Amino acid sequence: LSEPGPRAGSAIGPVYFLSDYGRADEFVGVVHAVLARRAPGIVVIDLTHDVAPFDVAGGARTLERAVRHLGPGVVLAVVDPGVGGRRRALVATATGPGPGYFVGPDNGLLPPALDALGGPSATFALAKTEDGPATFDGRDVFAPAVAALCSGARPEALGGAVDPTSLVRLPAPRLERTDLGEGHGRLRVEVTWIDRFGNVQLAARDDGPGLGRSASVGVPRARGSVTAPHRLRVVRTFSDLHQGELGMLLDANDRLALVVGEGSAADRLGVGVGDLVELVW
Amino acid sequence: LSEPGPRAGSAIGPVYFLSDYGRADEFVGVVHAVLARRAPGIVVIDLTHDVAPFDVAGGARTLERAVRHLGPGVVLAVVDPGVGGRRRALVATATGPGPGYFVGPDNGLLPPALDALGGPSATFALAKTEDGPATFDGRDVFAPAVAALCSGARPEALGGAVDPTSLVRLPAPRLERTDLGEGHGRLRVEVTWIDRFGNVQLAARDDGPGLGRSASVGVPRARGSVTAPHRLRVVRTFSDLHQGELGMLLDANDRLALVVGEGSAADRLGVGVGDLVELVW
Amino acid sequence: LSEPGPRAGSAIGPVYFLSDYGRADEFVGVVHAVLARRAPGIVVIDLTHDVAPFDVAGGARTLERAVRHLGPGVVLAVVDPGVGGRRRALVATATGPGPGYFVGPDNGLLPPALDALGGPSATFALAKTEDGPATFDGRDVFAPAVAALCSGARPEALGGAVDPTSLVRLPAPRLERTDLGEGHGRLRVEVTWIDRFGNVQLAARDDGPGLGRSASVGVPRARGSVTAPHRLRVVRTFSDLHQGELGMLLDANDRLALVVGEGSAADRLGVGVGDLVELVW
């Protein structure tokens, strides 16, 4: 770690900032300003601030997807419905080539990203102060901790060590695979992400039926029925599909995704995050 | 002030940029580019660009809330329905630990933030040129002035001094407090901000009935009636509320705010910015 | 060009980044992170990421409008429905005082901006790799190329030269002007942009009837009819109009634009991008 200094912010790498603050209000700008004031020269990269309000699971998945592509630096992640309450405020350290520190609430937001880097090597709970506002910890608690780390502070100087296995964790998304023999199979799996283009990411890391094969996809409804299934082709990339054609591919995060050529698979299938889909091939 | 130089932009501190330009068009990016071209090394922090189009009062309140948290630097604020017309283009200087300069139109946008820092110490009207486009002063007038200040120019080199008391000011939000005796009271007060989470900020700086007390809140309608009031509790922070419970707290800007546990108080009460609410306790 | 080095990113100028990625997902942040990891010290200016999904023409026009205001640096533009397919990935070089390099897909996105700077001086097709993901070239192909250029790589080191005249080009917007004699005229012209404020930019660079004149504007419908025309005044700037008055002006990009005083001309006229309007004076 670099020693504290007027421009030490640059030495440790950028701050990678994710939240559900949106950009319509000044929340994000104020956190940037606090970081710049406390650690001049700091570079802040906004991952996104459009996590749905209070959607800890959505934020956790976004951070998990992004983290493999981040270099050295500090992750600042705030989706925090329990702000001001008893949930702990964490600094977690990670080894490996990515960010060295993760700062955020202990509500399940950080562990998936930490696990993607091999798990936290240590975790600390930020010391609490009882005075002052208790509704904007991104500004008042987390940003100062990030600025301190960027200025060379050791995490143990910011709070007491806590057991990494004590971190709050969210349930894993549902995934049920059935081998039907002779190259056939069925996958019931949860939708984990709908992106801007309407691509439907699934909680599955393999390629299901395999490249070039066909499959059908339906949406399980109440009492075991499945909506009229759609045919799809497993392809390598978007341009392998005709405009409007439904397909499936391994996406840029190595997850199975339902896609439509220059269109929205989410609209086509009528699914959202948390829904189950059933693939049969 | 630093002398002009290729990286003098950093010496004076960041530019804090607020506007109603939105992010869907290239307006904000072009202003960033103009700043970078004229003052290489300049750091720009976007406070927000989602002030509602032409909403000078909303922009002024946003800047007022943010300004206490900004360090040294230059505020660039543009919500400017009168662009190209007779309204003056201002540089105001402030003393104190925050931004040293405020640049923007003379239409009420800057004074609340300046007042929060003790008022302007001097104000200057940017010299006008009659040629060239007259529809994008953020790019053509304000950004060049900001870049000049960041490069070491004195504000008096950019325009003539004007009387700080001559600045256009917006009316203060409505606030009427009635002491009903024996610890009871009534507050009729204007809604000044609905944030992303649906929190309803009021134009009142104290805690009304006081922490731990109950109150009722209604919305005055025509002819003096008030909608069926809602009960609420005065709490310290969001996590003191059950999910869905209506409460009131002193928010991160030390203003009274109506909030709902993990929900939207604006939706619950059906109020928007500019509406009055009536608190009784 | 600067030699590669740990902070060479700053030497060549900022990266100007435009895409249809939106900001709700982490796409933009991840590209920033890849740039920062590969070229520490790089400065990235976001022009906009809200180009409509797959809208190459809209992205091309946005970049064309912005490019005159950019200083030295590298343009990174990604609106790329053909990602992973056979469309080429380009580096184009430009002379003149603006950005020296343009990086993006060969689908019509870059040429209008290049032409605004006098046309590309050379173009190169990025070398392809067949392994790895094929769905996020912004992260995996374009950003690494930009980082290499910012670190001092020559474009010919990144791919083979291609004929600049072979670049894919989009059709020009429609424009039909009729001189009606004695100072009268008619202009049928395509709407090329609706901005946040509802201003309606037209594909015409002159001032039509001329400053201070009146005209009427209608929207051609099927079978040659034109909707009931609106009267308008040709003005210099927005503040020359009364609130709610329809006008026309030469906008900040030197294009004819229909505008309403503190209102939306697009709403008033019921037009969108790609529609024709008919001006008569």
# chains A, B, ... in the order shown; residues from 1 in each chain; ligands from 1
>>> closest_atom_pairs(of="chain B", to="chain C", cutoff="8 Å", atoms="only C-alpha atoms", output="Markdown table")
| residue | atom | partner | partner_atom | distance |
| --- | --- | --- | --- | --- |
| B:Tyr21 | CA | C:Arg196 | CA | 7.1 |
| B:Gly22 | CA | C:Arg196 | CA | 6.7 |
| B:Arg23 | CA | C:Thr48 | CA | 6.1 |
| B:Ala24 | CA | C:Asp50 | CA | 4.8 |
| B:Asp25 | CA | C:Thr48 | CA | 6.2 |
| B:Glu26 | CA | C:Leu47 | CA | 5.2 |
| B:Phe27 | CA | C:Leu47 | CA | 7.7 |
| B:Val28 | CA | C:Leu47 | CA | 7.0 |
| B:Gly29 | CA | C:Leu47 | CA | 4.0 |
| B:Val30 | CA | C:Ala66 | CA | 6.2 |
| B:His32 | CA | C:Ile45 | CA | 6.7 |
| B:Ala33 | CA | C:Leu70 | CA | 5.5 |
| B:Val34 | CA | C:His69 | CA | 6.4 |
| B:Ala36 | CA | C:Gly71 | CA | 7.6 |
| B:Arg37 | CA | C:Gly71 | CA | 5.2 |
| B:Pro53 | CA | C:Phe197 | CA | 6.5 |
| B:Phe54 | CA | C:Glu262 | CA | 6.9 |
| B:Pro81 | CA | C:Glu262 | CA | 6.3 |
| B:Gly82 | CA | C:Ser239 | CA | 5.1 |
| B:Val83 | CA | C:Ser239 | CA | 6.3 |
| B:Gly84 | CA | C:Thr237 | CA | 5.8 |
| B:Gly85 | CA | C:Ser239 | CA | 5.2 |
| B:Pro133 | CA | C:Ala252 | CA | 5.5 |
| B:Ala134 | CA | C:Thr237 | CA | 5.7 |
| B:Thr135 | CA | C:Thr237 | CA | 5.7 |
| B:Phe136 | CA | C:Ala252 | CA | 6.0 |
>>> residues_around(residues="Val141 in chain B", least_positions_apart="4", cutoff="10 Å", atoms="only C-alpha atoms", output="CSV table (one decimal) with all heavy atoms, in the first residue's frame")
chain,number,residue,atom,x,y,z
B,89,ALA,N,-24.9,36.4,-17.0
B,89,ALA,CA,-24.1,35.2,-16.8
B,89,ALA,C,-23.1,35.5,-15.7
B,89,ALA,O,-22.3,36.5,-15.8
B,89,ALA,CB,-23.4,34.7,-18.1
B,103,VAL,N,-20.3,29.5,-11.1
B,103,VAL,CA,-20.6,30.0,-12.5
B,103,VAL,C,-21.9,29.5,-12.9
B,103,VAL,O,-22.2,28.3,-12.9
B,103,VAL,CB,-19.5,29.6,-13.4
B,103,VAL,CG1,-19.7,30.0,-14.8
B,103,VAL,CG2,-18.1,30.0,-12.9
B,104,GLY,N,-22.8,30.4,-13.4
B,104,GLY,CA,-24.1,30.0,-13.9
B,104,GLY,C,-24.9,31.3,-14.2
B,104,GLY,O,-24.5,32.4,-14.1
B,126,LEU,N,-20.3,37.9,-16.7
B,126,LEU,CA,-19.4,37.6,-17.8
B,126,LEU,C,-19.7,38.5,-19.0
B,126,LEU,O,-20.8,38.8,-19.3
B,126,LEU,CB,-19.7,36.1,-18.2
B,126,LEU,CG,-19.2,35.1,-17.2
B,126,LEU,CD1,-19.7,33.7,-17.6
B,126,LEU,CD2,-17.7,35.1,-17.1
B,127,ALA,N,-18.6,38.9,-19.6
B,127,ALA,CA,-18.7,39.8,-20.8
B,127,ALA,C,-19.4,39.0,-21.9
B,127,ALA,O,-19.2,37.8,-22.1
B,127,ALA,CB,-17.3,40.2,-21.2
B,128,LYS,N,-20.2,39.7,-22.7
B,128,LYS,CA,-21.0,39.1,-23.7
B,128,LYS,C,-20.4,39.2,-25.1
B,128,LYS,O,-19.8,40.3,-25.3
B,128,LYS,CB,-22.4,39.7,-23.8
B,128,LYS,CG,-23.4,39.1,-22.9
B,128,LYS,CD,-24.8,39.5,-23.3
B,128,LYS,CE,-25.9,38.6,-22.7
B,128,LYS,NZ,-27.2,39.0,-23.1
B,129,THR,N,-20.6,38.2,-25.9
B,129,THR,CA,-20.3,38.4,-27.3
B,129,THR,C,-21.6,38.2,-28.1
B,129,THR,O,-22.4,37.4,-27.7
B,129,THR,CB,-19.2,37.4,-27.8
B,129,THR,OG1,-19.7,36.1,-27.5
B,129,THR,CG2,-17.9,37.6,-27.1
B,134,ALA,N,-26.3,31.2,-29.7
B,134,ALA,CA,-26.9,31.8,-28.5
B,134,ALA,C,-27.8,30.8,-27.7
B,134,ALA,O,-28.7,31.2,-27.0
B,134,ALA,CB,-27.6,33.1,-28.8
B,136,PHE,N,-26.6,27.6,-26.4
B,136,PHE,CA,-25.9,26.5,-25.6
B,136,PHE,C,-24.8,27.2,-24.8
B,136,PHE,O,-23.6,27.0,-25.0
B,136,PHE,CB,-25.3,25.5,-26.5
B,136,PHE,CG,-24.8,24.2,-25.8
B,136,PHE,CD1,-24.3,23.2,-26.6
B,136,PHE,CD2,-24.9,24.0,-24.5
B,136,PHE,CE1,-23.9,22.0,-26.0
B,136,PHE,CE2,-24.4,22.9,-23.9
B,136,PHE,CZ,-23.9,21.9,-24.6
B,137,ASP,N,-25.2,28.1,-23.9
B,137,ASP,CA,-24.2,28.9,-23.1
B,137,ASP,C,-23.4,28.0,-22.2
B,137,ASP,O,-22.3,28.3,-21.8
B,137,ASP,CB,-24.9,30.0,-22.3
B,137,ASP,CG,-25.2,31.2,-23.1
B,137,ASP,OD1,-24.9,31.2,-24.4
B,137,ASP,OD2,-25.7,32.2,-22.6
B,145,ALA,N,-15.5,30.0,-19.2
B,145,ALA,CA,-15.2,30.8,-18.0
B,145,ALA,C,-14.7,29.9,-16.9
B,145,ALA,O,-13.7,30.2,-16.2
B,145,ALA,CB,-16.5,31.5,-17.5
B,146,VAL,N,-15.3,28.7,-16.7
B,146,VAL,CA,-14.8,27.8,-15.7
B,146,VAL,C,-13.4,27.3,-16.0
B,146,VAL,O,-12.5,27.3,-15.1
B,146,VAL,CB,-15.8,26.6,-15.6
B,146,VAL,CG1,-15.1,25.4,-14.8
B,146,VAL,CG2,-17.1,27.0,-15.0
>>> closest_residue(among="A:Arg221, A:Arg255, A:Arg231, A:Arg169", to="Arg205 in chain A", atoms="only C-alpha atoms")
A:Arg255
>>> calpha_fit_and_write(fixed="chain A", moving="chain B", output="CSV table (one decimal) with C-alpha atoms, in the first residue's frame")
chain,number,residue,atom,x,y,z
B,1,LEU,CA,0.0,0.1,0.0
B,2,SER,CA,1.1,3.6,-0.7
B,3,GLU,CA,1.6,6.0,2.2
B,4,PRO,CA,-1.0,8.7,2.7
B,5,GLY,CA,-0.3,11.8,0.6
B,6,PRO,CA,-2.1,14.5,-1.4
B,7,ARG,CA,-2.5,12.3,-4.5
B,8,ALA,CA,-2.2,8.9,-2.9
B,9,GLY,CA,-5.7,8.2,-4.4
B,10,SER,CA,-4.1,7.2,-7.6
B,11,ALA,CA,-1.6,4.9,-6.1
B,12,ILE,CA,-4.0,2.2,-4.9
B,13,GLY,CA,-6.1,2.3,-8.1
B,14,PRO,CA,-9.5,3.6,-8.8
B,15,VAL,CA,-12.6,3.4,-6.7
B,16,TYR,CA,-15.3,1.3,-8.4
B,17,PHE,CA,-18.6,2.6,-7.2
B,18,LEU,CA,-22.0,0.8,-7.4
B,19,SER,CA,-25.2,1.8,-5.8
B,20,ASP,CA,-29.0,2.1,-6.0
B,21,TYR,CA,-28.8,5.9,-5.7
B,22,GLY,CA,-29.8,6.7,-9.2
B,23,ARG,CA,-28.5,9.7,-11.0
B,24,ALA,CA,-31.5,12.0,-10.8
B,25,ASP,CA,-30.6,13.2,-7.3
B,26,GLU,CA,-27.2,14.5,-6.1
B,27,PHE,CA,-26.4,11.4,-4.0
B,28,VAL,CA,-23.7,10.0,-6.4
B,29,GLY,CA,-22.2,13.4,-7.0
B,30,VAL,CA,-21.9,14.2,-3.3
B,31,VAL,CA,-20.2,10.9,-2.6
B,32,HIS,CA,-17.7,11.7,-5.5
B,33,ALA,CA,-17.2,15.1,-3.9
B,34,VAL,CA,-16.5,13.6,-0.4
B,35,LEU,CA,-14.0,11.2,-1.9
B,36,ALA,CA,-12.3,14.0,-3.8
B,37,ARG,CA,-12.1,16.2,-0.8
B,38,ARG,CA,-10.7,13.5,1.5
B,39,ALA,CA,-8.4,11.9,-1.1
B,40,PRO,CA,-7.5,14.4,-3.7
B,41,GLY,CA,-6.5,12.8,-7.0
B,42,ILE,CA,-8.7,9.8,-6.4
B,43,VAL,CA,-10.2,8.3,-9.6
B,44,VAL,CA,-13.8,7.0,-9.3
B,45,ILE,CA,-15.3,4.7,-11.9
B,46,ASP,CA,-19.1,4.4,-11.7
B,47,LEU,CA,-20.1,0.8,-12.3
B,48,THR,CA,-23.8,1.7,-12.2
B,49,HIS,CA,-26.1,3.5,-9.8
B,50,ASP,CA,-29.3,2.2,-11.3
B,51,VAL,CA,-29.6,-0.9,-9.2
B,52,ALA,CA,-33.3,-0.9,-8.3
B,53,PRO,CA,-34.0,0.8,-5.0
B,54,PHE,CA,-33.3,-1.6,-2.1
B,55,ASP,CA,-32.5,-4.5,-4.5
B,56,VAL,CA,-29.6,-6.0,-2.7
B,57,ALA,CA,-29.7,-9.2,-4.7
B,58,GLY,CA,-29.6,-7.3,-8.0
B,59,GLY,CA,-26.7,-5.2,-6.8
B,60,ALA,CA,-24.8,-8.3,-5.7
B,61,ARG,CA,-25.2,-9.9,-9.1
B,62,THR,CA,-24.2,-6.8,-10.9
B,63,LEU,CA,-21.1,-6.5,-8.8
B,64,GLU,CA,-20.3,-10.2,-9.2
B,65,ARG,CA,-20.5,-9.9,-13.0
B,66,ALA,CA,-18.3,-6.8,-13.1
B,67,VAL,CA,-15.6,-7.8,-10.6
B,68,ARG,CA,-13.7,-10.1,-12.9
B,69,HIS,CA,-12.9,-7.1,-15.1
B,70,LEU,CA,-11.7,-4.7,-12.5
B,71,GLY,CA,-8.1,-3.9,-11.8
B,72,PRO,CA,-6.5,-2.9,-8.5
B,73,GLY,CA,-8.5,-0.5,-6.4
B,74,VAL,CA,-11.3,-0.3,-4.0
B,75,VAL,CA,-14.9,-1.4,-4.5
B,76,LEU,CA,-17.5,0.9,-2.9
B,77,ALA,CA,-20.9,-0.8,-3.1
B,78,VAL,CA,-24.1,0.7,-1.4
B,79,VAL,CA,-27.5,-0.9,-1.7
B,80,ASP,CA,-28.6,-0.5,1.9
B,81,PRO,CA,-32.2,-0.7,3.0
B,82,GLY,CA,-30.9,-1.2,6.6
B,83,VAL,CA,-28.9,2.1,6.7
B,84,GLY,CA,-28.5,3.4,10.2
B,85,GLY,CA,-29.6,0.2,11.8
B,86,ARG,CA,-27.8,-2.8,13.2
B,87,ARG,CA,-26.3,-4.2,10.0
B,88,ARG,CA,-22.6,-4.0,10.1
B,89,ALA,CA,-20.5,-1.7,7.7
B,90,LEU,CA,-17.8,-3.8,6.2
B,91,VAL,CA,-14.3,-3.6,4.8
B,92,ALA,CA,-13.3,-6.8,3.2
B,93,THR,CA,-9.9,-7.5,1.7
B,94,ALA,CA,-9.3,-9.7,-1.3
B,95,THR,CA,-6.2,-11.2,-2.8
B,96,GLY,CA,-5.5,-11.6,-6.4
B,97,PRO,CA,-5.2,-9.2,-9.3
B,98,GLY,CA,-8.4,-7.3,-8.8
B,99,PRO,CA,-9.6,-4.8,-6.3
B,100,GLY,CA,-7.9,-5.2,-2.9
B,101,TYR,CA,-10.7,-3.8,-0.8
B,102,PHE,CA,-14.5,-4.0,-0.8
B,103,VAL,CA,-16.5,-1.5,1.3
B,104,GLY,CA,-20.2,-1.7,1.9
B,105,PRO,CA,-23.0,-3.0,4.1
B,106,ASP,CA,-23.2,-6.5,5.5
B,107,ASN,CA,-26.4,-7.5,3.9
B,108,GLY,CA,-25.4,-9.9,1.1
B,109,LEU,CA,-24.2,-7.3,-1.4
B,110,LEU,CA,-20.5,-8.1,-1.3
B,111,PRO,CA,-20.0,-11.9,-0.9
B,112,PRO,CA,-20.8,-13.0,-4.5
B,113,ALA,CA,-18.1,-10.7,-5.9
B,114,LEU,CA,-15.7,-11.6,-3.1
B,115,ASP,CA,-16.3,-15.3,-3.9
B,116,ALA,CA,-15.5,-14.7,-7.5
B,117,LEU,CA,-12.1,-13.6,-6.4
B,118,GLY,CA,-11.5,-16.5,-4.2
B,119,GLY,CA,-13.3,-15.2,-1.1
B,120,PRO,CA,-12.4,-12.5,1.4
B,121,SER,CA,-8.9,-12.8,3.0
B,122,ALA,CA,-10.1,-10.7,6.0
B,123,THR,CA,-13.1,-8.7,7.0
B,124,PHE,CA,-13.5,-5.7,9.3
B,125,ALA,CA,-16.6,-4.0,10.7
B,126,LEU,CA,-16.3,-0.2,10.5
B,127,ALA,CA,-16.4,1.5,13.9
B,128,LYS,CA,-19.7,3.3,14.5
B,129,THR,CA,-20.4,6.7,15.7
B,130,GLU,CA,-23.8,7.4,17.3
B,131,ASP,CA,-24.0,11.1,16.5
B,132,GLY,CA,-24.7,12.7,13.2
B,133,PRO,CA,-27.1,11.7,10.4
B,134,ALA,CA,-27.9,8.0,10.1
B,135,THR,CA,-29.5,8.0,6.7
B,136,PHE,CA,-26.7,8.5,4.2
B,137,ASP,CA,-23.9,6.1,5.2
B,138,GLY,CA,-22.6,6.2,1.6
B,139,ARG,CA,-21.6,9.8,2.2
B,140,ASP,CA,-20.9,9.7,6.0
B,141,VAL,CA,-19.5,6.2,6.6
B,142,PHE,CA,-18.5,4.3,3.5
B,143,ALA,CA,-16.9,7.1,1.5
B,144,PRO,CA,-14.7,8.3,4.3
B,145,ALA,CA,-13.5,4.7,4.8
B,146,VAL,CA,-12.7,4.4,1.1
B,147,ALA,CA,-10.9,7.6,1.1
B,148,ALA,CA,-8.9,6.5,4.1
B,149,LEU,CA,-7.9,3.2,2.4
B,150,CYS,CA,-6.9,5.2,-0.7
B,151,SER,CA,-4.8,7.4,1.4
B,152,GLY,CA,-2.9,4.5,2.8
B,153,ALA,CA,-4.8,3.5,6.0
B,154,ARG,CA,-4.8,-0.1,6.9
B,155,PRO,CA,-8.3,-1.7,7.2
B,156,GLU,CA,-7.6,-2.8,10.8
B,157,ALA,CA,-7.3,0.9,11.7
B,158,LEU,CA,-10.9,1.4,10.6
B,159,GLY,CA,-12.6,-1.2,12.6
B,160,GLY,CA,-12.4,-4.6,14.3
B,161,ALA,CA,-11.8,-7.9,12.6
B,162,VAL,CA,-14.9,-10.0,12.1
B,163,ASP,CA,-15.2,-13.6,11.0
B,164,PRO,CA,-15.5,-13.8,7.2
B,165,THR,CA,-17.9,-16.7,7.5
B,166,SER,CA,-20.3,-14.5,9.5
B,167,LEU,CA,-21.1,-12.3,6.5
B,168,VAL,CA,-24.8,-12.2,5.6
B,169,ARG,CA,-25.3,-14.2,2.4
B,170,LEU,CA,-28.3,-14.3,0.0
B,171,PRO,CA,-29.8,-17.5,-1.2
B,172,ALA,CA,-28.4,-18.9,-4.4
B,173,PRO,CA,-30.7,-18.6,-7.5
B,174,ARG,CA,-32.7,-21.8,-8.3
B,175,LEU,CA,-31.3,-24.2,-10.8
B,176,GLU,CA,-32.5,-27.8,-11.5
B,177,ARG,CA,-31.1,-29.9,-14.3
B,178,THR,CA,-32.5,-33.2,-15.4
B,179,ASP,CA,-30.7,-35.5,-17.8
B,180,LEU,CA,-33.3,-37.1,-20.0
B,181,GLY,CA,-30.9,-39.4,-21.8
B,182,GLU,CA,-29.7,-39.7,-25.3
B,183,GLY,CA,-28.5,-36.1,-25.4
B,184,HIS,CA,-31.8,-34.7,-24.1
B,185,GLY,CA,-32.3,-32.7,-21.0
B,186,ARG,CA,-34.3,-30.3,-19.0
B,187,LEU,CA,-33.2,-27.2,-17.1
B,188,ARG,CA,-35.4,-25.2,-14.8
B,189,VAL,CA,-33.5,-22.1,-13.9
B,190,GLU,CA,-34.0,-18.7,-12.5
B,191,VAL,CA,-33.7,-15.4,-14.5
B,192,THR,CA,-31.0,-13.4,-12.8
B,193,TRP,CA,-30.8,-10.3,-15.0
B,194,ILE,CA,-32.6,-8.5,-17.8
B,195,ASP,CA,-30.2,-6.1,-19.4
B,196,ARG,CA,-31.0,-2.9,-21.4
B,197,PHE,CA,-31.3,-4.9,-24.6
B,198,GLY,CA,-33.8,-7.3,-23.1
B,199,ASN,CA,-31.4,-10.2,-23.0
B,200,VAL,CA,-32.4,-12.7,-20.3
B,201,GLN,CA,-29.6,-14.0,-18.3
B,202,LEU,CA,-30.0,-17.4,-16.5
B,203,ALA,CA,-28.3,-18.8,-13.4
B,204,ALA,CA,-26.5,-21.4,-15.4
B,205,ARG,CA,-22.9,-21.5,-16.4
B,206,ASP,CA,-22.8,-24.2,-19.1
B,207,ASP,CA,-24.2,-24.1,-22.6
B,208,GLY,CA,-27.2,-26.4,-21.9
B,209,PRO,CA,-28.0,-28.4,-25.1
B,210,GLY,CA,-24.8,-27.2,-26.8
B,211,LEU,CA,-23.8,-25.0,-29.6
B,212,GLY,CA,-25.9,-25.5,-32.8
B,213,ARG,CA,-28.7,-27.5,-31.2
B,214,SER,CA,-32.3,-26.5,-30.9
B,215,ALA,CA,-34.3,-26.3,-27.7
B,216,SER,CA,-37.6,-25.1,-26.5
B,217,VAL,CA,-38.2,-22.6,-23.6
B,218,GLY,CA,-41.3,-22.1,-21.6
B,219,VAL,CA,-42.3,-20.3,-18.5
B,220,PRO,CA,-43.6,-22.5,-15.6
B,221,ARG,CA,-46.9,-21.3,-14.2
B,222,ALA,CA,-48.9,-22.2,-11.2
B,223,ARG,CA,-49.9,-25.9,-10.8
B,224,GLY,CA,-47.0,-27.2,-12.9
B,225,SER,CA,-48.2,-26.1,-16.3
B,226,VAL,CA,-45.7,-24.4,-18.6
B,227,THR,CA,-46.6,-21.7,-21.1
B,228,ALA,CA,-46.6,-22.6,-24.8
B,229,PRO,CA,-42.9,-23.1,-25.4
B,230,HIS,CA,-40.9,-21.1,-27.9
B,231,ARG,CA,-38.3,-22.7,-30.2
B,232,LEU,CA,-34.8,-21.4,-30.1
B,233,ARG,CA,-31.4,-22.1,-31.5
B,234,VAL,CA,-28.2,-22.2,-29.5
B,235,VAL,CA,-25.7,-19.8,-31.2
B,236,ARG,CA,-22.3,-18.3,-30.6
B,237,THR,CA,-23.3,-14.6,-30.9
B,238,PHE,CA,-26.1,-12.2,-31.7
B,239,SER,CA,-25.3,-11.9,-35.3
B,240,ASP,CA,-25.8,-15.6,-35.8
B,241,LEU,CA,-29.5,-14.9,-35.4
B,242,HIS,CA,-31.9,-13.4,-37.9
B,243,GLN,CA,-33.6,-10.2,-36.8
B,244,GLY,CA,-36.3,-11.2,-34.4
B,245,GLU,CA,-35.2,-14.8,-34.0
B,246,LEU,CA,-35.1,-16.3,-30.5
B,247,GLY,CA,-31.8,-17.9,-29.5
B,248,MET,CA,-29.6,-18.8,-26.6
B,249,LEU,CA,-25.9,-18.2,-26.1
B,250,LEU,CA,-23.2,-18.2,-23.5
B,251,ASP,CA,-23.0,-14.5,-22.8
B,252,ALA,CA,-20.1,-12.2,-22.0
B,253,ASN,CA,-20.2,-13.4,-18.4
B,254,ASP,CA,-20.2,-17.1,-19.3
B,255,ARG,CA,-23.9,-17.5,-18.3
B,256,LEU,CA,-26.6,-18.9,-20.4
B,257,ALA,CA,-28.8,-16.1,-21.9
B,258,LEU,CA,-31.9,-16.1,-23.9
B,259,VAL,CA,-31.7,-13.5,-26.7
B,260,VAL,CA,-33.5,-12.2,-29.8
B,261,GLY,CA,-31.7,-10.9,-32.9
B,262,GLU,CA,-31.9,-7.1,-32.5
B,263,GLY,CA,-34.8,-7.4,-30.2
B,264,SER,CA,-35.8,-8.1,-26.6
B,265,ALA,CA,-36.1,-11.7,-25.4
B,266,ALA,CA,-37.6,-10.4,-22.1
B,267,ASP,CA,-40.5,-8.9,-24.1
B,268,ARG,CA,-40.8,-12.0,-26.3
B,269,LEU,CA,-41.1,-14.4,-23.3
B,270,GLY,CA,-42.7,-12.1,-20.8
B,271,VAL,CA,-40.2,-12.8,-18.1
B,272,GLY,CA,-38.5,-10.8,-15.4
B,273,VAL,CA,-35.8,-11.2,-12.8
B,274,GLY,CA,-36.7,-13.9,-10.4
B,275,ASP,CA,-38.9,-15.9,-12.8
B,276,LEU,CA,-38.2,-19.5,-13.6
B,277,VAL,CA,-37.8,-20.6,-17.2
B,278,GLU,CA,-37.8,-24.2,-18.4
B,279,LEU,CA,-35.5,-25.3,-21.2
B,280,VAL,CA,-36.1,-28.7,-22.8
B,281,TRP,CA,-34.0,-30.3,-25.5
>>> select_by_dssp(residues="range 5-55 of chain B", states="strand (DSSP E)", output="tab-separated table (two decimals) with C-alpha atoms, in the first residue's frame")
chain	number	residue	atom	x	y	z
B	15	VAL	CA	-15.42	21.35	-11.19
B	16	TYR	CA	-18.81	20.43	-9.70
B	17	PHE	CA	-21.25	20.33	-12.57
B	18	LEU	CA	-25.05	20.43	-12.25
B	19	SER	CA	-27.57	20.97	-15.04
B	44	VAL	CA	-15.17	17.20	-13.32
B	45	ILE	CA	-17.64	15.77	-10.80
B	46	ASP	CA	-21.20	15.52	-12.07
B	47	LEU	CA	-23.60	16.42	-9.26
B	48	THR	CA	-26.60	15.60	-11.41
>>> select_by_dssp(residues="range 31-141 of chain B", states="helix (DSSP H, G or I)", output="number ranges by chain")
B: 31-38, 56-67, 111-116, 137-141
